[in-house]
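A.B. asks: So here's protein14.cif (mmCIF, C-alpha atoms).
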```cif
data_run
#
loop_
_atom_site.label_atom_id
_atom_site.label_comp_id
_atom_site.auth_asym_id
_atom_site.auth_seq_id
_atom_site.Cartn_x
_atom_site.Cartn_y
_atom_site.Cartn_z
CA MET A 1 -115.47 -46.97 -108.05
CA THR A 2 -118.16 -44.34 -108.59
CA CYS A 3 -118.05 -41.04 -106.62
CA ASN A 4 -121.26 -40.85 -104.64
CA ASN A 5 -121.00 -37.07 -104.68
CA CYS A 6 -120.77 -36.29 -108.43
CA GLY A 7 -121.10 -39.74 -110.12
CA ALA A 8 -117.66 -39.65 -111.75
CA GLN A 9 -115.60 -42.83 -112.14
CA MET A 10 -112.60 -43.23 -109.76
CA GLU A 11 -109.70 -45.65 -109.91
CA PRO A 12 -109.18 -47.89 -106.87
CA ASP A 13 -105.88 -46.12 -106.03
CA ASP A 14 -107.35 -42.55 -106.31
CA ASN A 15 -107.27 -40.68 -103.02
CA PHE A 16 -109.47 -37.87 -104.37
CA CYS A 17 -112.28 -37.64 -106.97
CA PRO A 18 -110.81 -36.26 -110.24
CA VAL A 19 -114.03 -34.24 -110.86
CA CYS A 20 -115.26 -32.81 -107.50
CA GLY A 21 -112.06 -33.29 -105.44
CA ILE A 22 -113.53 -34.91 -102.40
CA SER A 23 -111.52 -37.60 -100.66
CA SER A 24 -112.02 -41.21 -101.59
CA VAL A 25 -113.46 -41.88 -98.15
CA GLU A 26 -116.07 -39.13 -98.54
CA ALA A 27 -116.76 -40.16 -102.13
CA GLU A 28 -117.42 -43.73 -101.04
CA SER A 29 -119.55 -42.70 -98.01
CA GLY A 30 -121.85 -40.45 -99.90
CA GLY A 31 -120.26 -36.96 -100.21
CA THR A 32 -119.22 -34.06 -98.12
CA PRO A 33 -120.93 -33.14 -94.86
CA PRO A 34 -123.24 -30.10 -94.83
CA LEU A 35 -121.45 -26.74 -94.90
CA CYS A 36 -122.13 -23.70 -92.71
CA PRO A 37 -124.06 -21.09 -94.73
CA ASN A 38 -122.22 -18.34 -92.85
CA CYS A 39 -118.54 -19.37 -92.85
CA GLY A 40 -118.54 -22.49 -95.11
CA ALA A 41 -117.04 -24.79 -92.49
CA PRO A 42 -118.21 -28.47 -92.44
CA VAL A 43 -120.89 -29.06 -89.83
CA ASP A 44 -121.58 -32.40 -88.15
CA GLU A 45 -125.00 -33.71 -89.03
CA ASP A 46 -126.02 -33.82 -85.36
CA TYR A 47 -125.14 -30.11 -84.78
CA LEU A 48 -127.74 -27.39 -85.10
CA PHE A 49 -125.09 -24.63 -84.90
CA CYS A 50 -121.73 -24.15 -86.62
CA GLN A 51 -118.81 -25.06 -84.35
CA MET A 52 -116.65 -22.37 -85.95
CA CYS A 53 -118.87 -19.26 -86.03
CA GLY A 54 -121.99 -20.30 -84.07
CA ALA A 55 -124.45 -19.65 -86.90
CA ARG A 56 -127.55 -21.79 -87.13
CA VAL A 57 -127.40 -24.42 -89.89
CA ALA A 58 -130.20 -26.19 -91.71
CA SER A 59 -128.83 -29.68 -91.14
CA GLY A 60 -128.63 -31.53 -87.90
CA THR A 61 -131.10 -32.72 -85.37
CA ASP A 62 -133.60 -30.15 -84.16
CA HIS A 63 -132.74 -29.28 -80.54
CA THR A 64 -135.40 -26.64 -80.05
CA ASP A 65 -136.88 -28.71 -77.28
CA ASP A 66 -133.53 -28.60 -75.42
CA PRO A 67 -133.91 -26.03 -72.60
CA THR A 68 -130.19 -25.23 -72.73
CA ILE A 69 -130.51 -23.73 -76.25
CA PRO A 70 -132.24 -20.33 -76.55
CA PRO A 71 -135.06 -20.30 -79.10
CA ASP A 72 -133.47 -17.37 -80.97
CA GLY A 73 -130.23 -19.31 -81.54
CA SER A 74 -128.10 -16.62 -79.90
CA PHE A 75 -125.34 -19.09 -79.01
CA ALA A 76 -124.21 -22.52 -80.06
CA PRO A 77 -124.11 -25.53 -77.74
CA LEU A 78 -120.74 -26.25 -76.22
CA SER A 79 -121.02 -29.90 -77.10
CA PRO A 80 -123.58 -32.26 -78.65
CA ASN A 81 -124.71 -33.25 -75.14
CA ALA A 82 -126.92 -30.38 -73.92
CA GLU A 83 -127.32 -31.90 -70.44
CA ASN A 84 -123.55 -31.95 -69.93
CA ASN A 85 -123.35 -28.37 -71.21
CA THR A 86 -125.73 -27.20 -68.51
CA GLN A 87 -123.76 -28.96 -65.79
CA ILE A 88 -120.41 -27.59 -67.06
CA VAL A 89 -121.69 -24.03 -67.31
CA GLY A 90 -123.26 -24.26 -63.85
CA LYS A 91 -120.07 -25.64 -62.32
CA LYS A 92 -117.92 -22.97 -63.94
CA ARG A 93 -120.21 -20.18 -62.82
CA GLY A 94 -120.42 -21.57 -59.27
CA THR A 95 -116.65 -22.00 -59.02
CA GLY A 96 -116.00 -18.45 -60.29
CA MET A 97 -118.41 -16.86 -57.83
CA ALA A 98 -116.92 -18.89 -54.95
CA MET A 99 -113.41 -17.72 -55.86
CA ILE A 100 -114.53 -14.08 -56.03
CA MET A 101 -116.25 -14.29 -52.65
CA LEU A 102 -113.18 -15.99 -51.12
CA VAL A 103 -110.87 -13.23 -52.39
CA ILE A 104 -113.21 -10.51 -51.03
CA LEU A 105 -113.52 -12.17 -47.62
CA SER A 106 -109.73 -12.73 -47.39
CA SER A 107 -109.05 -9.07 -48.22
CA MET A 108 -111.53 -7.87 -45.60
CA LEU A 109 -110.05 -10.14 -42.92
CA PHE A 110 -106.52 -8.94 -43.78
CA LEU A 111 -107.53 -5.27 -43.52
CA VAL A 112 -109.43 -5.76 -40.25
CA GLY A 113 -106.55 -7.76 -38.75
CA GLY A 114 -103.99 -5.15 -39.82
CA LEU A 115 -106.02 -2.31 -38.27
CA PHE A 116 -106.46 -4.29 -35.06
CA TYR A 117 -102.76 -4.98 -34.61
CA PHE A 118 -101.85 -1.38 -35.50
CA ARG A 119 -104.22 -0.02 -32.86
CA ARG A 120 -103.08 -2.68 -30.38
CA ASP A 121 -99.41 -1.80 -30.85
CA LEU A 122 -100.20 1.91 -30.55
CA LEU A 123 -102.14 1.30 -27.35
CA PHE A 124 -99.40 -0.87 -25.80
CA HIS A 125 -96.75 1.73 -26.66
CA HIS A 126 -98.81 4.55 -25.13
CA VAL A 127 -99.54 2.60 -21.93
CA ARG A 128 -95.86 1.66 -21.50
CA THR A 129 -94.59 5.22 -21.92
CA THR A 130 -97.26 7.51 -20.44
CA SER A 131 -99.73 5.59 -18.29
CA PRO A 132 -99.19 6.53 -14.62
CA SER A 133 -100.77 3.21 -13.55
CA SER A 134 -98.40 1.01 -15.54
CA SER A 135 -95.60 -0.87 -13.76
CA ASP A 136 -92.35 -2.49 -14.89
CA ASN A 137 -92.48 -5.63 -12.69
CA GLY A 138 -88.74 -6.06 -13.29
CA THR A 139 -89.26 -7.37 -16.83
CA GLY A 140 -88.81 -4.16 -18.82
CA ILE A 141 -92.42 -4.51 -20.10
CA SER A 142 -95.17 -2.41 -18.57
CA SER A 143 -98.22 -4.22 -17.23
CA TYR A 144 -101.75 -2.85 -17.33
CA SER A 145 -105.34 -3.88 -16.70
CA ALA A 146 -107.70 -4.26 -19.62
CA GLY A 147 -110.87 -2.21 -19.42
CA PRO A 148 -113.97 -1.55 -21.51
CA ALA A 149 -113.69 -0.23 -25.05
CA SER A 150 -114.42 3.34 -23.94
CA SER A 151 -111.52 3.30 -21.45
CA VAL A 152 -109.16 2.03 -24.14
CA GLU A 153 -110.03 5.01 -26.32
CA THR A 154 -109.29 7.33 -23.38
CA VAL A 155 -105.87 5.77 -22.73
CA ALA A 156 -104.90 5.83 -26.40
CA SER A 157 -105.69 9.54 -26.76
CA ALA A 158 -102.88 12.13 -26.89
CA PRO A 159 -101.47 13.05 -23.44
CA SER A 160 -102.08 16.50 -22.02
CA ALA A 161 -99.25 19.03 -21.73
CA GLU A 162 -98.95 18.28 -18.00
CA GLU A 163 -98.77 14.51 -18.60
CA GLU A 164 -96.26 15.00 -21.39
CA PHE A 165 -93.95 17.02 -19.11
CA SER A 166 -94.28 14.61 -16.18
CA SER A 167 -93.44 11.64 -18.41
CA LYS A 168 -90.07 13.11 -19.37
CA ALA A 169 -87.02 12.82 -17.12
CA VAL A 170 -85.58 16.24 -16.25
CA ASP A 171 -81.91 16.55 -17.14
CA VAL A 172 -80.61 17.83 -13.80
CA PRO A 173 -77.08 19.29 -13.95
CA TYR A 174 -74.40 17.69 -11.77
CA HIS A 175 -73.76 21.03 -10.05
CA ALA A 176 -77.37 21.95 -9.28
CA GLN A 177 -76.57 24.81 -6.86
CA MET A 178 -74.42 27.86 -7.65
CA ILE A 179 -73.25 30.70 -5.37
CA HIS A 180 -72.31 33.74 -7.44
CA VAL A 181 -70.09 36.44 -5.88
CA LYS A 182 -69.77 39.52 -8.07
CA SER A 183 -67.24 42.06 -6.81
CA ASP A 184 -67.36 45.86 -6.88
CA GLY A 185 -64.10 46.96 -5.33
CA SER A 186 -63.89 45.46 -1.85
CA LYS A 187 -67.68 45.08 -1.76
CA ALA A 188 -69.66 42.38 -3.57
CA ARG A 189 -73.08 40.90 -4.13
CA LEU A 190 -73.75 37.27 -3.32
CA ARG A 191 -76.53 35.40 -5.10
CA LEU A 192 -77.59 31.78 -4.69
CA GLU A 193 -79.22 30.02 -7.63
CA ILE A 194 -80.63 26.49 -7.51
CA PHE A 195 -81.91 24.25 -10.30
CA ASP A 196 -85.65 23.74 -9.89
CA GLU A 197 -86.59 20.26 -11.15
CA GLU A 198 -90.32 21.10 -11.30
CA THR A 199 -89.77 23.87 -13.86
CA ALA A 200 -86.43 22.55 -15.22
CA GLN A 201 -84.99 26.05 -14.80
CA TRP A 202 -82.50 27.89 -12.62
CA LYS A 203 -84.07 29.99 -9.87
CA GLN A 204 -82.49 32.66 -7.65
CA VAL A 205 -83.40 32.09 -4.00
CA LEU A 206 -81.01 34.47 -2.19
CA SER A 207 -79.39 37.83 -2.86
CA ALA A 208 -77.17 39.33 -0.15
CA ALA A 209 -74.60 42.07 0.38
CA ALA A 210 -71.06 40.77 0.90
CA TYR A 211 -67.49 41.90 1.61
CA ILE A 212 -64.34 40.42 0.14
CA GLY A 213 -60.59 40.92 0.61
CA LYS A 214 -59.23 44.44 1.12
CA ASN A 215 -57.34 44.20 -2.17
CA GLY A 216 -60.25 42.84 -4.18
CA ILE A 217 -60.28 39.68 -6.28
CA SER A 218 -57.21 38.06 -7.89
CA ALA A 219 -56.80 35.16 -10.31
CA GLN A 220 -53.22 34.84 -9.02
CA LYS A 221 -53.98 34.35 -5.34
CA ALA A 222 -50.91 34.26 -3.06
CA GLU A 223 -50.41 33.76 0.66
CA GLY A 224 -50.92 37.03 2.59
CA ASP A 225 -51.97 39.22 -0.39
CA LYS A 226 -55.36 40.12 1.20
CA CYS A 227 -57.13 39.13 -2.05
CA THR A 228 -60.09 36.86 -2.62
CA PRO A 229 -59.35 34.11 -5.20
CA ALA A 230 -61.16 34.43 -8.56
CA GLY A 231 -62.69 31.39 -10.25
CA THR A 232 -65.28 28.63 -9.82
CA PHE A 233 -64.70 26.19 -6.98
CA ASP A 234 -66.46 23.26 -5.28
CA ILE A 235 -68.08 23.81 -1.88
CA MET A 236 -66.39 21.29 0.46
CA PHE A 237 -68.07 21.51 3.91
CA VAL A 238 -69.34 23.86 6.62
CA PHE A 239 -67.90 23.97 10.15
CA GLY A 240 -68.79 25.56 13.48
CA THR A 241 -69.38 24.79 17.13
CA SER A 242 -72.84 23.25 16.51
CA LYS A 243 -74.57 21.76 13.48
CA PRO A 244 -76.72 24.23 11.54
CA ASP A 245 -79.95 23.52 9.67
CA THR A 246 -78.37 22.28 6.44
CA ALA A 247 -77.86 19.28 4.17
CA LEU A 248 -74.26 20.38 3.58
CA THR A 249 -71.48 18.21 5.04
CA PHE A 250 -70.72 19.47 8.56
CA LYS A 251 -67.55 19.35 10.69
CA LYS A 252 -67.53 20.38 14.33
CA VAL A 253 -64.81 22.69 15.64
CA ASP A 254 -63.02 22.03 18.95
CA GLU A 255 -59.99 23.44 20.81
CA ASN A 256 -57.56 21.36 18.74
CA THR A 257 -58.90 22.30 15.31
CA VAL A 258 -56.35 24.23 13.25
CA TRP A 259 -55.91 25.34 9.66
CA ILE A 260 -52.40 24.96 8.26
CA ASP A 261 -50.90 28.12 6.69
CA ASP A 262 -47.30 26.84 6.50
CA SER A 263 -46.49 26.60 2.75
CA ALA A 264 -43.68 24.11 3.46
CA SER A 265 -46.05 21.63 5.13
CA ALA A 266 -47.52 18.68 3.21
CA TYR A 267 -50.80 19.63 4.90
CA TYR A 268 -50.81 23.22 3.65
CA ASN A 269 -54.33 24.72 3.46
CA THR A 270 -56.07 21.81 5.22
CA TRP A 271 -58.16 21.17 8.33
CA GLN A 272 -56.05 19.35 10.94
CA SER A 273 -55.74 18.60 14.65
CA ALA A 274 -53.06 20.47 16.58
CA GLY A 275 -51.93 17.31 18.40
CA ALA A 276 -51.56 15.08 15.32
CA ASP A 277 -48.56 12.71 15.50
CA TYR A 278 -47.81 13.42 11.81
CA LYS A 279 -47.43 17.16 12.45
CA ASP A 280 -44.91 18.76 10.08
CA TRP A 281 -46.03 22.42 10.15
CA THR A 282 -44.50 25.34 12.02
CA SER A 283 -47.46 27.70 11.78
CA CYS A 284 -51.25 27.33 11.76
CA GLU A 285 -54.43 29.23 12.60
CA SER A 286 -56.74 28.22 15.42
CA MET A 287 -60.29 27.69 14.16
CA MET A 288 -61.91 27.90 17.59
CA LYS A 289 -60.79 31.44 18.45
CA LYS A 290 -63.13 33.42 16.16
CA PHE A 291 -66.07 31.20 17.11
CA ALA A 292 -65.32 31.69 20.81
CA ASP A 293 -65.03 35.46 20.29
CA GLN A 294 -68.35 35.45 18.38
CA LYS A 295 -66.68 36.99 15.37
CA VAL A 296 -68.21 34.36 13.06
CA THR A 297 -71.24 32.05 13.16
CA TYR A 298 -70.31 29.45 10.50
CA ARG A 299 -67.57 29.07 7.94
CA ILE A 300 -67.87 27.35 4.55
CA ALA A 301 -64.67 25.89 3.11
CA PHE A 302 -64.34 25.84 -0.68
CA GLY A 303 -61.67 24.23 -2.86
CA PHE A 304 -59.82 27.20 -4.33
CA ASN A 305 -56.46 25.53 -3.46
CA GLY A 306 -56.78 21.77 -2.86
CA ASP A 307 -59.64 19.87 -1.24
CA CYS A 308 -59.12 21.37 2.28
CA LEU A 309 -58.48 17.92 3.82
CA SER A 310 -55.94 15.82 1.91
CA LYS A 311 -52.17 15.80 2.22
CA ASN A 312 -50.34 17.47 -0.70
CA SER A 313 -53.63 18.56 -2.34
CA ALA A 314 -52.76 22.31 -2.26
CA GLN A 315 -50.09 24.24 -4.16
CA PRO A 316 -47.57 25.89 -1.79
CA GLY A 317 -47.93 29.67 -1.49
CA LYS A 318 -51.25 29.88 -3.41
CA GLY A 319 -53.27 30.90 -0.33
CA SER A 320 -54.83 29.31 2.73
CA ALA A 321 -57.66 29.72 5.24
CA ILE A 322 -60.03 31.64 2.90
CA PHE A 323 -63.69 30.95 3.74
CA LEU A 324 -67.24 32.12 3.08
CA GLU A 325 -68.37 33.11 6.57
CA GLY A 326 -71.28 34.63 8.48
CA ALA A 327 -70.52 37.59 10.69
CA GLY A 328 -71.13 36.90 14.40
CA ALA A 329 -72.59 39.20 17.05
CA ASP A 330 -69.20 40.87 17.55
CA GLY A 331 -68.10 40.47 13.94
CA LYS A 332 -67.81 43.36 11.52
CA MET A 333 -69.18 43.60 8.00
CA GLU A 334 -66.02 44.94 6.42
CA PRO A 335 -63.24 43.85 4.01
CA GLY A 336 -60.79 41.31 5.41
CA TYR A 337 -57.80 39.19 4.47
CA GLY A 338 -59.56 37.53 1.57
CA GLU A 339 -62.56 35.84 3.17
CA ILE A 340 -66.09 36.45 1.82
CA ARG A 341 -68.31 37.78 4.59
CA ILE A 342 -72.12 37.98 4.73
CA SER A 343 -74.51 38.64 7.60
CA ALA A 344 -75.43 35.94 10.11
CA ASP A 345 -79.05 35.88 8.87
CA ASP A 346 -77.98 35.50 5.24
CA MET A 347 -75.60 32.69 6.23
CA THR A 348 -78.46 30.88 7.99
CA THR A 349 -80.64 31.18 4.85
CA LEU A 350 -77.79 30.10 2.59
CA LEU A 351 -77.09 26.97 4.64
CA ARG A 352 -80.74 25.92 4.59
CA TYR A 353 -80.59 25.70 0.80
CA LEU A 354 -77.18 24.07 0.37
CA ASP A 355 -77.09 20.31 -0.13
CA SER A 356 -73.93 18.26 -0.67
CA ASP A 357 -75.86 15.79 -2.87
CA LYS A 358 -76.45 18.64 -5.34
CA HIS A 359 -72.69 19.37 -5.56
CA PRO A 360 -72.82 23.14 -4.92
CA GLN A 361 -70.14 25.47 -6.30
CA ILE A 362 -69.07 29.07 -5.77
CA GLU A 363 -68.20 31.39 -8.66
CA ILE A 364 -66.17 34.47 -7.74
CA SER A 365 -65.61 37.25 -10.28
#
```
Please re-express this file's structure in structure tokens.
C.D. replies:
Amino acid sequence: MTCNNCGAQMEPDDNFCPVCGISSVEAESGGTPPLCPNCGAPVDEDYLFCQMCGARVASGTDHTDDPTIPPDGSFAPLSPNAENNTQIVGKKRGTGMAMIMLVILSSMLFLVGGLFYFRRDLLFHHVRTTSPSSSDNGTGISSYSAGPASSVETVASAPSAEEEFSSKAVDVPYHAQMIHVKSDGSKARLRLEIFDEETAQWKQVLSAAAYIGKNGISAQKAEGDKCTPAGTFDIMFVFGTSKPDTALTFKKVDENTVWIDDSASAYYNTWQSAGADYKDWTSCESMMKKFADQKVTYRIAFGFNGDCLSKNSAQPGKGSAIFLEGAGADGKMEPGYGEIRISADDMTTLLRYLDSDKHPQIEIS
């Protein structure tokens, strides 16, 4: 067999030409294909550009009439079929632009949605906690009426200082009324302070001159020592012949009302009736006498030794029948057996303020 490339003789079983080295197939078909002048790679005869480096080659069919190939040969065709190349490039470009636009639109929708829900949650929270027109409806979720966009902006704005204060619950103390009695020998000064919920502060509403026991104040109060007990005690009730102007618990005195001063009695230092069938005392003090003699106007019982009513609530010998009282028309503003005495007018003012629901106390020091 003769090599069609160089003319050398080849044996039938030669795979390559012994002179030029081309394969037997190429030698039989007429030689090697054209080579790229730029990179030396074989180029198909139908290609105008090298498939390896894109350089223009001399061989191949002239595709200058193909609109997909630039006249300056700046790029090689993607495949021998120029029409398919145009369609592929167009599809790829269209798909890429569609994907980019989809990503942009998705991002914008996500941002807008996030901002909307953030503002919505902020608005709902503000309406639930500060809006005076919102209501619970028994569900634990405040209801409201939707309004125009401008009204929403107004609701969502920061509350004023007045709104902020009104939206907070005031922590009112359990004992919201305090009577302070400060001694100076056998004389004293009484002051009434109440907790004002509007300002969330304590406020003094009464200051009055007072008298205490002849022997002053004692933390070790004993029966008959003429001392006023020292300490802080609950106000129990007020009593007299007629109900005063007060929100304090009231008990009316009659001819049978007595106060037990017998330390051996189970009812020591309590309000009782003289004709009680459970009577176990041998001595007591009539409560009606001083009212009838106009020595006092009203008396306020406080729990310095027991609760003033219950059996066995008091400690024997620790004092009995000590009250905060208003001096009557024939009463004297002077030291006594341990009672705290103020004028009738000051007692009237004091009672107008006192309220059992506010759990008033008296502090004596």
A.B. asks: What does the distance from CA of Ala301 (chain A) to CA of Gly185 (chain A) come to in Å, to one decimal?
C.D. replies: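 Calculated distance between CA of Ala301 (chain A) and CA of Gly185 (chain A) is 22.7 Å.
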A.B. asks: As a VMD selection string, please: the residues near Thr270 (chain A) (cut-off 9 Å, all atoms listed in the file, same-chain neighbours under 5 positions excluded).
C.D. replies: chain A and resid 258 to 261 306 to 311 313 to 314 320 to 321
A.B. asks: Running the PyMOL selection byres ((chain A and resi 343) around 6) on this model by hand, what would come out? Give it as a list in words.
C.D. replies: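 Taken over the shown coordinates, the PyMOL selection byres ((chain A and resi 343) around 6) returns Gly326, Ala327, Ile342, Ala344, Asp345 and Asp346 of chain A.
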A.B. asks: How far is it from CA of Glu198 (chain A) to CA of Leu248 (chain A), in Å with one decimal?
C.D. replies: 21.9 Å
A.B. asks: Find the distance between CA of Ser23 (chain A) and CA of Pro42 (chain A) and write it in Å to one decimal.
C.D. replies: 14.0 Å
A.B. asks: Run through the PyMOL selection byres ((chain A and resi 201-209) around 6) on the given coordinates and return the selected residues as a list in words.
C.D. replies: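 After applying the PyMOL selection byres ((chain A and resi 201-209) around 6), what remains is Arg189, Leu190, Arg191, Leu192, Glu193, Ile194, Phe195, Asp196, Thr199, Ala200 and Ala210 of chain A.
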A.B. asks: Calculated over only C-alpha atoms, which of the candidates A:Lys318, A:Lys290, A:Arg56, A:Lys187 has the smallest distance to Asn215 (chain A)?
C.D. replies: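 Of A:Lys318, A:Lys290, A:Arg56, A:Lys187, the one nearest Asn215 (chain A) is A:Lys187, counting only C-alpha atoms.
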